[in-house]
Amino acid sequence: MRKITLALFTLFGLAIHTTSSHAVTVVTTIKPLQLIANALLPEPNQSVALLPNGASPHDYQLRPSDLRRLNDADLVIWVGPTMESFLGKALTSLPANVNLLQLSDTATPINQGHHGEHGHGHGHGHGHGHGHGDEEAPHGDDNPHLWLDPEAAITIAGQIEQRLRQLDPDNAKHYREALARFIAEVRATDQQLRAQLEPLAGRGYFVFHDAYAPFENHYGLNHLGAFTLSPERAPGARHLQAIRAELESANAVCVFAEPQFRSSLVTAVTDGLNVGRDELDPLGADADSYPALLQNLAAAFGRCLTPG
């Protein structure tokens, strides 16, 4: 079937939508959203992620090329201001014909603040950032890392699919079928990861920053705390001393760093201790699909938490 898509043309200073041989242009802020969007788009069409691998949305600065991509897009997908604060001013100046999808407004609300309350946890009761004295309250229900919960990712995919059908109605059948495939793949992966992670539910650990509650709650993992609640804030000395004390007492068996941030803090706190170390990447730099992003996270938990 001939593809009828939307493109942006400027004629005598007037921006209009019309049919074209070009596909719907989709720009996402981060790779996890790109992976979800790509699962829905007709091949060989691919969405573009603004952030390159290794960059963090917590401290990213837009480049002129990023602004051009945003202005030329048919659809821009972002989580929201609590995640991509760098986008605020740029989004207010987008052309009127650019469609914007803010997922923090549309994704199904999920309880991300405390283990055991999501419906899948095992009731360990370890709240994030559990009172080491010099850290403020964690993200809790406002945790913006929505995509780390498989069910929330399915909701996100549904929101993207709905927008794509609105922009490209001639390919509506493709989008519906692609969404059904995505849901089936994510649910199959979820079932595998439940079996993989369930034996590790009692093994305590620390993460670099408080990002993983959606994943941890979904799989009932035993998060003991984070080095920092937000990467923009260096953790205080008392907080780091409290983490080391828990590591020394064997309450935690592993500490996770992140590729987007310096690992010197993790190295300093774990120096001389018999504790496992690994790396979690919430942005999925090495993943070629959304299920692979979930699998990579589960593999890291498995490597570090499995008794050796």
# chains A, B, ... in the order shown; residues from 1 in each chain; ligands from 1
call {"tool": "residues_around", "arguments": {"residues": "A:Glu185", "least_positions_apart": "6", "cutoff": "10 Å", "atoms": "only C-alpha atoms", "output": "ChimeraX atom specification"}}
result
/A:179,290-291
call {"tool": "residues_around", "arguments": {"residues": "A:Leu193", "least_positions_apart": "2", "cutoff": "10 Å", "atoms": "only C-alpha atoms", "output": "list in words"}}
result
Arg187, Ala188, Thr189, Asp190, Gln191, Ala195, Gln196, Leu197, Glu198, Tyr219, Leu294, Gln295, Leu297, Ala298 and Ala299 of chain A
call {"tool": "write_last_selection", "arguments": {"atoms": "N, CA, C and O atoms", "output": "PDB file, in the first residue's frame"}}
result
ATOM      1  N   ARG A 187       5.683  -8.471  27.243  1.00  0.00           N
ATOM      2  CA  ARG A 187       5.097  -9.345  28.273  1.00  0.00           C
ATOM      3  C   ARG A 187       5.850 -10.673  28.344  1.00  0.00           C
ATOM      4  O   ARG A 187       6.014 -11.235  29.439  1.00  0.00           O
ATOM      5  N   ALA A 188       6.311 -11.179  27.205  1.00  0.00           N
ATOM      6  CA  ALA A 188       7.100 -12.408  27.231  1.00  0.00           C
ATOM      7  C   ALA A 188       8.431 -12.180  27.944  1.00  0.00           C
ATOM      8  O   ALA A 188       8.872 -13.015  28.751  1.00  0.00           O
ATOM      9  N   THR A 189       9.072 -11.051  27.661  1.00  0.00           N
ATOM     10  CA  THR A 189      10.324 -10.717  28.339  1.00  0.00           C
ATOM     11  C   THR A 189      10.100 -10.534  29.832  1.00  0.00           C
ATOM     12  O   THR A 189      10.882 -11.014  30.666  1.00  0.00           O
ATOM     13  N   ASP A 190       9.016  -9.871  30.190  1.00  0.00           N
ATOM     14  CA  ASP A 190       8.685  -9.640  31.594  1.00  0.00           C
ATOM     15  C   ASP A 190       8.551 -10.961  32.348  1.00  0.00           C
ATOM     16  O   ASP A 190       9.059 -11.116  33.466  1.00  0.00           O
ATOM     17  N   GLN A 191       7.885 -11.917  31.734  1.00  0.00           N
ATOM     18  CA  GLN A 191       7.704 -13.214  32.381  1.00  0.00           C
ATOM     19  C   GLN A 191       9.057 -13.901  32.626  1.00  0.00           C
ATOM     20  O   GLN A 191       9.295 -14.487  33.687  1.00  0.00           O
ATOM     21  N   ALA A 195      11.080 -14.704  36.550  1.00  0.00           N
ATOM     22  CA  ALA A 195      11.681 -15.965  36.982  1.00  0.00           C
ATOM     23  C   ALA A 195      13.164 -15.795  37.276  1.00  0.00           C
ATOM     24  O   ALA A 195      13.706 -16.405  38.210  1.00  0.00           O
ATOM     25  N   GLN A 196      13.832 -14.944  36.513  1.00  0.00           N
ATOM     26  CA  GLN A 196      15.263 -14.723  36.681  1.00  0.00           C
ATOM     27  C   GLN A 196      15.576 -13.950  37.962  1.00  0.00           C
ATOM     28  O   GLN A 196      16.561 -14.238  38.655  1.00  0.00           O
ATOM     29  N   LEU A 197      14.738 -12.962  38.297  1.00  0.00           N
ATOM     30  CA  LEU A 197      15.049 -12.057  39.402  1.00  0.00           C
ATOM     31  C   LEU A 197      14.423 -12.470  40.734  1.00  0.00           C
ATOM     32  O   LEU A 197      14.871 -12.022  41.794  1.00  0.00           O
ATOM     33  N   GLU A 198      13.416 -13.301  40.717  1.00  0.00           N
ATOM     34  CA  GLU A 198      12.735 -13.673  41.958  1.00  0.00           C
ATOM     35  C   GLU A 198      13.678 -14.253  43.010  1.00  0.00           C
ATOM     36  O   GLU A 198      13.573 -13.910  44.190  1.00  0.00           O
ATOM     37  N   TYR A 219       9.740  -5.742  40.059  1.00  0.00           N
ATOM     38  CA  TYR A 219      10.326  -7.067  40.261  1.00  0.00           C
ATOM     39  C   TYR A 219      10.629  -7.374  41.729  1.00  0.00           C
ATOM     40  O   TYR A 219      11.216  -8.416  42.028  1.00  0.00           O
ATOM     41  N   LEU A 294      15.516  -3.999  29.064  1.00  0.00           N
ATOM     42  CA  LEU A 294      15.107  -4.693  30.293  1.00  0.00           C
ATOM     43  C   LEU A 294      16.041  -5.863  30.596  1.00  0.00           C
ATOM     44  O   LEU A 294      16.437  -6.079  31.753  1.00  0.00           O
ATOM     45  N   GLN A 295      16.391  -6.621  29.579  1.00  0.00           N
ATOM     46  CA  GLN A 295      17.256  -7.788  29.770  1.00  0.00           C
ATOM     47  C   GLN A 295      18.639  -7.380  30.257  1.00  0.00           C
ATOM     48  O   GLN A 295      19.234  -8.059  31.101  1.00  0.00           O
ATOM     49  N   LEU A 297      19.391  -4.732  32.098  1.00  0.00           N
ATOM     50  CA  LEU A 297      19.282  -4.379  33.506  1.00  0.00           C
ATOM     51  C   LEU A 297      19.208  -5.641  34.366  1.00  0.00           C
ATOM     52  O   LEU A 297      19.892  -5.753  35.398  1.00  0.00           O
ATOM     53  N   ALA A 298      18.372  -6.582  33.961  1.00  0.00           N
ATOM     54  CA  ALA A 298      18.225  -7.822  34.737  1.00  0.00           C
ATOM     55  C   ALA A 298      19.540  -8.595  34.783  1.00  0.00           C
ATOM     56  O   ALA A 298      19.881  -9.189  35.818  1.00  0.00           O
ATOM     57  N   ALA A 299      20.285  -8.589  33.689  1.00  0.00           N
ATOM     58  CA  ALA A 299      21.564  -9.297  33.661  1.00  0.00           C
ATOM     59  C   ALA A 299      22.550  -8.687  34.651  1.00  0.00           C
ATOM     60  O   ALA A 299      23.287  -9.401  35.342  1.00  0.00           O
TER      61      ALA A 299
END
call {"tool": "residues_around", "arguments": {"residues": "A:Ser249", "least_positions_apart": "5", "cutoff": "12 Å", "atoms": "only C-alpha atoms", "output": "CSV table (one decimal) with N, CA, C and O atoms, in the first residue's frame"}}
result
chain,number,residue,atom,x,y,z
A,204,GLY,N,20.4,-7.2,49.2
A,204,GLY,CA,20.4,-5.8,49.3
A,204,GLY,C,21.5,-5.2,48.4
A,204,GLY,O,22.6,-5.8,48.2
A,242,ALA,N,27.4,6.5,55.9
A,242,ALA,CA,26.3,5.6,56.3
A,242,ALA,C,26.2,4.5,55.3
A,242,ALA,O,26.0,3.3,55.7
A,243,ILE,N,26.4,4.8,54.0
A,243,ILE,CA,26.4,3.7,53.0
A,243,ILE,C,27.6,2.7,53.3
A,243,ILE,O,27.4,1.5,53.2
A,244,ARG,N,28.7,3.2,53.5
A,244,ARG,CA,29.9,2.3,53.8
A,244,ARG,C,29.6,1.5,55.0
A,244,ARG,O,30.0,0.3,55.1
A,273,LEU,N,36.5,-3.2,50.6
A,273,LEU,CA,35.4,-4.0,51.1
A,273,LEU,C,35.1,-5.2,50.1
A,273,LEU,O,35.3,-5.1,48.9
A,274,ASN,N,34.7,-6.2,50.7
A,274,ASN,CA,34.3,-7.4,49.9
A,274,ASN,C,32.9,-7.3,49.5
A,274,ASN,O,31.9,-7.9,50.0
A,275,VAL,N,32.6,-6.4,48.5
A,275,VAL,CA,31.3,-6.2,48.0
A,275,VAL,C,31.3,-6.2,46.5
A,275,VAL,O,32.3,-5.7,45.9
call {"tool": "closest_atom_pairs", "arguments": {"of": "stretch 249-302 of chain A", "to": "stretch 221-229 of chain A", "cutoff": "12 Å", "atoms": "only C-alpha atoms", "output": "CSV"}}
result
residue,atom,partner,partner_atom,distance
A:Ala250,CA,A:Leu224,CA,11.7
A:Asn251,CA,A:Leu224,CA,8.5
A:Ala252,CA,A:Leu224,CA,7.3
A:Val253,CA,A:Leu224,CA,10.3
A:Cys254,CA,A:His223,CA,10.2
A:Val255,CA,A:Ala226,CA,9.2
A:Phe256,CA,A:Ala226,CA,9.2
A:Ala257,CA,A:Phe227,CA,9.4
A:Glu258,CA,A:Phe227,CA,11.2
A:Phe261,CA,A:Thr228,CA,11.4
A:Ser263,CA,A:Phe227,CA,10.8
A:Ser264,CA,A:Phe227,CA,11.6
A:Leu265,CA,A:Phe227,CA,8.3
A:Val266,CA,A:Phe227,CA,8.1
A:Thr267,CA,A:Phe227,CA,11.8
A:Ala268,CA,A:Phe227,CA,11.7
A:Val269,CA,A:Phe227,CA,9.7
A:Thr270,CA,A:Phe227,CA,11.8
A:Ala298,CA,A:Leu221,CA,10.6
A:Phe301,CA,A:Leu221,CA,9.2
A:Gly302,CA,A:Leu221,CA,11.1
call {"tool": "residues_around", "arguments": {"residues": "stretch 51-58 of chain A", "least_positions_apart": "3", "cutoff": "9 Å", "atoms": "only C-alpha atoms", "output": "PDB file with all heavy atoms, in the first residue's frame"}}
result
ATOM      1  N   THR A  28      12.697  11.789  19.597  1.00  0.00           N
ATOM      2  CA  THR A  28      12.557  11.506  21.026  1.00  0.00           C
ATOM      3  C   THR A  28      13.729  12.154  21.755  1.00  0.00           C
ATOM      4  O   THR A  28      14.761  12.444  21.160  1.00  0.00           O
ATOM      5  CB  THR A  28      12.538   9.999  21.322  1.00  0.00           C
ATOM      6  OG1 THR A  28      13.861   9.459  21.114  1.00  0.00           O
ATOM      7  CG2 THR A  28      11.552   9.270  20.422  1.00  0.00           C
ATOM      8  N   THR A  29      13.565  12.360  23.028  1.00  0.00           N
ATOM      9  CA  THR A  29      14.656  12.952  23.798  1.00  0.00           C
ATOM     10  C   THR A  29      15.729  11.925  24.128  1.00  0.00           C
ATOM     11  O   THR A  29      16.920  12.200  24.023  1.00  0.00           O
ATOM     12  CB  THR A  29      14.113  13.547  25.097  1.00  0.00           C
ATOM     13  OG1 THR A  29      13.289  12.577  25.754  1.00  0.00           O
ATOM     14  CG2 THR A  29      13.305  14.803  24.809  1.00  0.00           C
ATOM     15  N   ILE A  30      15.338  10.731  24.532  1.00  0.00           N
ATOM     16  CA  ILE A  30      16.281   9.736  25.040  1.00  0.00           C
ATOM     17  C   ILE A  30      16.082   8.412  24.317  1.00  0.00           C
ATOM     18  O   ILE A  30      15.036   8.138  23.729  1.00  0.00           O
ATOM     19  CB  ILE A  30      16.114   9.541  26.559  1.00  0.00           C
ATOM     20  CG1 ILE A  30      14.666   9.196  26.910  1.00  0.00           C
ATOM     21  CG2 ILE A  30      16.588  10.766  27.321  1.00  0.00           C
ATOM     22  CD1 ILE A  30      14.427   8.913  28.384  1.00  0.00           C
ATOM     23  N   LYS A  31      17.112   7.566  24.390  1.00  0.00           N
ATOM     24  CA  LYS A  31      17.087   6.319  23.637  1.00  0.00           C
ATOM     25  C   LYS A  31      15.954   5.376  24.031  1.00  0.00           C
ATOM     26  O   LYS A  31      15.367   4.739  23.144  1.00  0.00           O
ATOM     27  CB  LYS A  31      18.438   5.607  23.759  1.00  0.00           C
ATOM     28  CG  LYS A  31      18.502   4.348  22.885  1.00  0.00           C
ATOM     29  CD  LYS A  31      19.871   3.749  22.821  1.00  0.00           C
ATOM     30  CE  LYS A  31      19.869   2.523  21.921  1.00  0.00           C
ATOM     31  NZ  LYS A  31      21.205   1.899  21.811  1.00  0.00           N
ATOM     32  N   GLN A  61      22.858  19.803  27.421  1.00  0.00           N
ATOM     33  CA  GLN A  61      22.644  21.123  26.845  1.00  0.00           C
ATOM     34  C   GLN A  61      22.383  20.984  25.358  1.00  0.00           C
ATOM     35  O   GLN A  61      23.151  20.333  24.642  1.00  0.00           O
ATOM     36  CB  GLN A  61      23.851  22.029  27.099  1.00  0.00           C
ATOM     37  CG  GLN A  61      24.076  22.328  28.571  1.00  0.00           C
ATOM     38  CD  GLN A  61      25.170  23.356  28.787  1.00  0.00           C
ATOM     39  OE1 GLN A  61      25.661  23.958  27.847  1.00  0.00           O
ATOM     40  NE2 GLN A  61      25.541  23.566  30.037  1.00  0.00           N
ATOM     41  N   LEU A  62      21.291  21.595  24.900  1.00  0.00           N
ATOM     42  CA  LEU A  62      20.914  21.493  23.497  1.00  0.00           C
ATOM     43  C   LEU A  62      21.954  22.134  22.593  1.00  0.00           C
ATOM     44  O   LEU A  62      22.508  23.195  22.901  1.00  0.00           O
ATOM     45  CB  LEU A  62      19.558  22.162  23.265  1.00  0.00           C
ATOM     46  CG  LEU A  62      18.326  21.416  23.771  1.00  0.00           C
ATOM     47  CD1 LEU A  62      17.103  22.312  23.656  1.00  0.00           C
ATOM     48  CD2 LEU A  62      18.113  20.127  22.982  1.00  0.00           C
ATOM     49  N   ASP A  66      20.308  20.001  17.473  1.00  0.00           N
ATOM     50  CA  ASP A  66      19.141  19.499  18.200  1.00  0.00           C
ATOM     51  C   ASP A  66      17.933  20.396  17.953  1.00  0.00           C
ATOM     52  O   ASP A  66      16.808  19.904  17.754  1.00  0.00           O
ATOM     53  CB  ASP A  66      19.422  19.445  19.707  1.00  0.00           C
ATOM     54  CG  ASP A  66      20.525  18.476  20.064  1.00  0.00           C
ATOM     55  OD1 ASP A  66      20.659  17.450  19.384  1.00  0.00           O
ATOM     56  OD2 ASP A  66      21.246  18.759  21.037  1.00  0.00           O
ATOM     57  N   MET A  83      12.264  15.315  33.973  1.00  0.00           N
ATOM     58  CA  MET A  83      13.356  14.540  33.390  1.00  0.00           C
ATOM     59  C   MET A  83      14.218  15.406  32.478  1.00  0.00           C
ATOM     60  O   MET A  83      15.417  15.546  32.678  1.00  0.00           O
ATOM     61  CB  MET A  83      12.791  13.338  32.612  1.00  0.00           C
ATOM     62  CG  MET A  83      13.840  12.575  31.793  1.00  0.00           C
ATOM     63  SD  MET A  83      15.157  11.848  32.775  1.00  0.00           S
ATOM     64  CE  MET A  83      14.246  10.580  33.641  1.00  0.00           C
ATOM     65  N   GLU A  84      13.609  16.017  31.455  1.00  0.00           N
ATOM     66  CA  GLU A  84      14.380  16.768  30.469  1.00  0.00           C
ATOM     67  C   GLU A  84      14.190  18.271  30.698  1.00  0.00           C
ATOM     68  O   GLU A  84      13.573  18.972  29.884  1.00  0.00           O
ATOM     69  CB  GLU A  84      13.956  16.400  29.041  1.00  0.00           C
ATOM     70  CG  GLU A  84      14.058  14.926  28.728  1.00  0.00           C
ATOM     71  CD  GLU A  84      12.694  14.227  28.802  1.00  0.00           C
ATOM     72  OE1 GLU A  84      11.829  14.705  29.573  1.00  0.00           O
ATOM     73  OE2 GLU A  84      12.506  13.241  28.089  1.00  0.00           O
ATOM     74  N   SER A  85      14.715  18.756  31.810  1.00  0.00           N
ATOM     75  CA  SER A  85      14.548  20.170  32.134  1.00  0.00           C
ATOM     76  C   SER A  85      15.223  21.066  31.100  1.00  0.00           C
ATOM     77  O   SER A  85      14.846  22.230  30.942  1.00  0.00           O
ATOM     78  CB  SER A  85      15.106  20.456  33.526  1.00  0.00           C
ATOM     79  OG  SER A  85      16.470  20.087  33.611  1.00  0.00           O
ATOM     80  N   PHE A  86      16.205  20.532  30.385  1.00  0.00           N
ATOM     81  CA  PHE A  86      16.911  21.312  29.373  1.00  0.00           C
ATOM     82  C   PHE A  86      16.018  21.697  28.191  1.00  0.00           C
ATOM     83  O   PHE A  86      16.376  22.559  27.384  1.00  0.00           O
ATOM     84  CB  PHE A  86      18.127  20.528  28.853  1.00  0.00           C
ATOM     85  CG  PHE A  86      17.777  19.274  28.096  1.00  0.00           C
ATOM     86  CD1 PHE A  86      17.531  19.296  26.734  1.00  0.00           C
ATOM     87  CD2 PHE A  86      17.693  18.050  28.753  1.00  0.00           C
ATOM     88  CE1 PHE A  86      17.210  18.148  26.033  1.00  0.00           C
ATOM     89  CE2 PHE A  86      17.375  16.888  28.062  1.00  0.00           C
ATOM     90  CZ  PHE A  86      17.134  16.936  26.696  1.00  0.00           C
ATOM     91  N   SER A 230      19.769  12.787  42.965  1.00  0.00           N
ATOM     92  CA  SER A 230      19.825  13.421  41.661  1.00  0.00           C
ATOM     93  C   SER A 230      21.289  13.634  41.299  1.00  0.00           C
ATOM     94  O   SER A 230      22.058  14.124  42.139  1.00  0.00           O
ATOM     95  CB  SER A 230      19.088  14.763  41.672  1.00  0.00           C
ATOM     96  OG  SER A 230      19.227  15.422  40.432  1.00  0.00           O
ATOM     97  N   PRO A 231      21.692  13.276  40.095  1.00  0.00           N
ATOM     98  CA  PRO A 231      23.111  13.372  39.725  1.00  0.00           C
ATOM     99  C   PRO A 231      23.667  14.785  39.794  1.00  0.00           C
ATOM    100  O   PRO A 231      24.880  14.970  39.847  1.00  0.00           O
ATOM    101  CB  PRO A 231      23.130  12.843  38.291  1.00  0.00           C
ATOM    102  CG  PRO A 231      21.927  11.995  38.170  1.00  0.00           C
ATOM    103  CD  PRO A 231      20.895  12.652  39.034  1.00  0.00           C
ATOM    104  N   GLU A 232      22.793  15.803  39.778  1.00  0.00           N
ATOM    105  CA  GLU A 232      23.296  17.171  39.871  1.00  0.00           C
ATOM    106  C   GLU A 232      23.810  17.499  41.267  1.00  0.00           C
ATOM    107  O   GLU A 232      24.512  18.479  41.447  1.00  0.00           O
ATOM    108  CB  GLU A 232      22.185  18.181  39.513  1.00  0.00           C
ATOM    109  CG  GLU A 232      21.681  18.058  38.090  1.00  0.00           C
ATOM    110  CD  GLU A 232      20.457  17.159  38.007  1.00  0.00           C
ATOM    111  OE1 GLU A 232      20.241  16.355  38.941  1.00  0.00           O
ATOM    112  OE2 GLU A 232      19.723  17.262  37.008  1.00  0.00           O
ATOM    113  N   PRO A 259      27.018   4.356  33.631  1.00  0.00           N
ATOM    114  CA  PRO A 259      27.984   4.814  32.622  1.00  0.00           C
ATOM    115  C   PRO A 259      27.930   6.302  32.352  1.00  0.00           C
ATOM    116  O   PRO A 259      28.895   6.876  31.858  1.00  0.00           O
ATOM    117  CB  PRO A 259      27.598   4.011  31.375  1.00  0.00           C
ATOM    118  CG  PRO A 259      26.160   3.653  31.575  1.00  0.00           C
ATOM    119  CD  PRO A 259      26.002   3.461  33.052  1.00  0.00           C
ATOM    120  N   GLN A 260      26.803   6.963  32.663  1.00  0.00           N
ATOM    121  CA  GLN A 260      26.676   8.392  32.379  1.00  0.00           C
ATOM    122  C   GLN A 260      27.393   9.269  33.408  1.00  0.00           C
ATOM    123  O   GLN A 260      27.548  10.469  33.186  1.00  0.00           O
ATOM    124  CB  GLN A 260      25.197   8.802  32.329  1.00  0.00           C
ATOM    125  CG  GLN A 260      24.414   8.229  31.165  1.00  0.00           C
ATOM    126  CD  GLN A 260      23.878   6.844  31.465  1.00  0.00           C
ATOM    127  OE1 GLN A 260      23.813   6.432  32.626  1.00  0.00           O
ATOM    128  NE2 GLN A 260      23.490   6.121  30.428  1.00  0.00           N
ATOM    129  N   PHE A 261      27.834   8.684  34.532  1.00  0.00           N
ATOM    130  CA  PHE A 261      28.394   9.494  35.613  1.00  0.00           C
ATOM    131  C   PHE A 261      29.692   8.886  36.112  1.00  0.00           C
ATOM    132  O   PHE A 261      29.914   7.682  35.999  1.00  0.00           O
ATOM    133  CB  PHE A 261      27.390   9.615  36.765  1.00  0.00           C
ATOM    134  CG  PHE A 261      26.047  10.114  36.333  1.00  0.00           C
ATOM    135  CD1 PHE A 261      24.962   9.250  36.257  1.00  0.00           C
ATOM    136  CD2 PHE A 261      25.867  11.440  35.971  1.00  0.00           C
ATOM    137  CE1 PHE A 261      23.717   9.705  35.837  1.00  0.00           C
ATOM    138  CE2 PHE A 261      24.634  11.900  35.551  1.00  0.00           C
ATOM    139  CZ  PHE A 261      23.564  11.040  35.481  1.00  0.00           C
ATOM    140  N   LEU A 283      19.451   4.164  30.483  1.00  0.00           N
ATOM    141  CA  LEU A 283      19.181   4.712  29.149  1.00  0.00           C
ATOM    142  C   LEU A 283      19.457   3.719  28.029  1.00  0.00           C
ATOM    143  O   LEU A 283      19.216   4.023  26.865  1.00  0.00           O
ATOM    144  CB  LEU A 283      20.012   5.983  28.930  1.00  0.00           C
ATOM    145  CG  LEU A 283      19.700   7.138  29.879  1.00  0.00           C
ATOM    146  CD1 LEU A 283      20.592   8.331  29.578  1.00  0.00           C
ATOM    147  CD2 LEU A 283      18.225   7.533  29.800  1.00  0.00           C
ATOM    148  N   GLY A 284      19.954   2.537  28.351  1.00  0.00           N
ATOM    149  CA  GLY A 284      20.062   1.465  27.372  1.00  0.00           C
ATOM    150  C   GLY A 284      20.984   1.736  26.209  1.00  0.00           C
ATOM    151  O   GLY A 284      20.645   1.453  25.048  1.00  0.00           O
ATOM    152  N   ALA A 285      22.181   2.251  26.467  1.00  0.00           N
ATOM    153  CA  ALA A 285      23.107   2.584  25.378  1.00  0.00           C
ATOM    154  C   ALA A 285      23.426   1.381  24.502  1.00  0.00           C
ATOM    155  O   ALA A 285      23.600   1.523  23.280  1.00  0.00           O
ATOM    156  CB  ALA A 285      24.394   3.173  25.949  1.00  0.00           C
ATOM    157  N   ASP A 286      23.504   0.197  25.088  1.00  0.00           N
ATOM    158  CA  ASP A 286      23.874  -1.002  24.330  1.00  0.00           C
ATOM    159  C   ASP A 286      22.667  -1.796  23.829  1.00  0.00           C
ATOM    160  O   ASP A 286      22.841  -2.859  23.211  1.00  0.00           O
ATOM    161  CB  ASP A 286      24.740  -1.929  25.187  1.00  0.00           C
ATOM    162  CG  ASP A 286      26.078  -1.302  25.542  1.00  0.00           C
ATOM    163  OD1 ASP A 286      26.571  -0.481  24.746  1.00  0.00           O
ATOM    164  OD2 ASP A 286      26.621  -1.620  26.621  1.00  0.00           O
TER     165      ASP A 286
END
call {"tool": "atom_distance", "arguments": {"atom1": "atom CA of A:Leu100", "atom2": "atom CA of A:Asn71"}}
result
11.2 Å
call {"tool": "select_by_dssp", "arguments": {"residues": "stretch 184-246 of chain A", "states": "alpha helix (DSSP H)", "output": "PyMOL selection string"}}
result
chain A and resi 184-197+213-219+237-246
call {"tool": "select_by_dssp", "arguments": {"residues": "stretch 127-304 of chain A", "states": "strand (DSSP E)", "output": "PDB file with N, CA and C atoms, in the first residue's frame"}}
result
ATOM      1  N   GLY A 204      20.377  -7.236  49.225  1.00  0.00           N
ATOM      2  CA  GLY A 204      20.385  -5.782  49.274  1.00  0.00           C
ATOM      3  C   GLY A 204      21.497  -5.165  48.434  1.00  0.00           C
ATOM      4  N   TYR A 205      21.261  -3.939  47.980  1.00  0.00           N
ATOM      5  CA  TYR A 205      22.238  -3.258  47.121  1.00  0.00           C
ATOM      6  C   TYR A 205      22.008  -1.750  47.173  1.00  0.00           C
ATOM      7  N   PHE A 206      23.004  -1.003  46.690  1.00  0.00           N
ATOM      8  CA  PHE A 206      22.908   0.440  46.509  1.00  0.00           C
ATOM      9  C   PHE A 206      23.092   0.770  45.025  1.00  0.00           C
ATOM     10  N   VAL A 207      22.394   1.814  44.575  1.00  0.00           N
ATOM     11  CA  VAL A 207      22.555   2.294  43.207  1.00  0.00           C
ATOM     12  C   VAL A 207      23.189   3.686  43.252  1.00  0.00           C
ATOM     13  N   PHE A 208      23.685   4.149  42.103  1.00  0.00           N
ATOM     14  CA  PHE A 208      24.336   5.449  42.085  1.00  0.00           C
ATOM     15  C   PHE A 208      23.338   6.571  42.297  1.00  0.00           C
ATOM     16  N   HIS A 209      22.249   6.589  41.513  1.00  0.00           N
ATOM     17  CA  HIS A 209      21.232   7.610  41.774  1.00  0.00           C
ATOM     18  C   HIS A 209      19.850   6.982  41.723  1.00  0.00           C
ATOM     19  N   ASN A 222      15.476  -5.579  46.332  1.00  0.00           N
ATOM     20  CA  ASN A 222      15.741  -5.083  47.685  1.00  0.00           C
ATOM     21  C   ASN A 222      16.687  -3.880  47.661  1.00  0.00           C
ATOM     22  N   HIS A 223      16.219  -2.787  47.125  1.00  0.00           N
ATOM     23  CA  HIS A 223      16.963  -1.527  47.086  1.00  0.00           C
ATOM     24  C   HIS A 223      17.147  -0.987  48.508  1.00  0.00           C
ATOM     25  N   LEU A 224      18.394  -0.721  48.895  1.00  0.00           N
ATOM     26  CA  LEU A 224      18.673  -0.189  50.228  1.00  0.00           C
ATOM     27  C   LEU A 224      18.897   1.313  50.218  1.00  0.00           C
ATOM     28  N   GLY A 225      19.257   1.872  49.082  1.00  0.00           N
ATOM     29  CA  GLY A 225      19.491   3.308  49.020  1.00  0.00           C
ATOM     30  C   GLY A 225      20.280   3.694  47.794  1.00  0.00           C
ATOM     31  N   ALA A 226      20.506   5.006  47.647  1.00  0.00           N
ATOM     32  CA  ALA A 226      21.221   5.554  46.500  1.00  0.00           C
ATOM     33  C   ALA A 226      22.321   6.477  46.979  1.00  0.00           C
ATOM     34  N   PHE A 227      23.399   6.552  46.209  1.00  0.00           N
ATOM     35  CA  PHE A 227      24.466   7.490  46.527  1.00  0.00           C
ATOM     36  C   PHE A 227      23.944   8.921  46.465  1.00  0.00           C
ATOM     37  N   THR A 228      23.108   9.206  45.481  1.00  0.00           N
ATOM     38  CA  THR A 228      22.534  10.533  45.356  1.00  0.00           C
ATOM     39  C   THR A 228      21.133  10.412  44.781  1.00  0.00           C
ATOM     40  N   CYS A 254      26.061  -5.507  46.954  1.00  0.00           N
ATOM     41  CA  CYS A 254      26.455  -4.977  45.660  1.00  0.00           C
ATOM     42  C   CYS A 254      26.224  -3.473  45.612  1.00  0.00           C
ATOM     43  N   VAL A 255      27.053  -2.805  44.822  1.00  0.00           N
ATOM     44  CA  VAL A 255      26.903  -1.383  44.533  1.00  0.00           C
ATOM     45  C   VAL A 255      26.948  -1.208  43.018  1.00  0.00           C
ATOM     46  N   PHE A 256      25.988  -0.434  42.496  1.00  0.00           N
ATOM     47  CA  PHE A 256      25.900  -0.234  41.050  1.00  0.00           C
ATOM     48  C   PHE A 256      26.297   1.198  40.668  1.00  0.00           C
ATOM     49  N   ALA A 257      27.199   1.312  39.719  1.00  0.00           N
ATOM     50  CA  ALA A 257      27.533   2.594  39.113  1.00  0.00           C
ATOM     51  C   ALA A 257      26.692   2.775  37.854  1.00  0.00           C
ATOM     52  N   GLY A 276      30.294  -6.676  45.875  1.00  0.00           N
ATOM     53  CA  GLY A 276      30.235  -6.722  44.426  1.00  0.00           C
ATOM     54  C   GLY A 276      30.010  -5.350  43.824  1.00  0.00           C
ATOM     55  N   ARG A 277      30.472  -5.173  42.598  1.00  0.00           N
ATOM     56  CA  ARG A 277      30.255  -3.934  41.856  1.00  0.00           C
ATOM     57  C   ARG A 277      29.848  -4.262  40.429  1.00  0.00           C
ATOM     58  N   ASP A 278      28.893  -3.499  39.924  1.00  0.00           N
ATOM     59  CA  ASP A 278      28.483  -3.663  38.536  1.00  0.00           C
ATOM     60  C   ASP A 278      27.949  -2.317  38.056  1.00  0.00           C
ATOM     61  N   GLU A 279      27.377  -2.306  36.865  1.00  0.00           N
ATOM     62  CA  GLU A 279      26.913  -1.063  36.256  1.00  0.00           C
ATOM     63  C   GLU A 279      25.501  -1.246  35.727  1.00  0.00           C
TER      64      GLU A 279
END
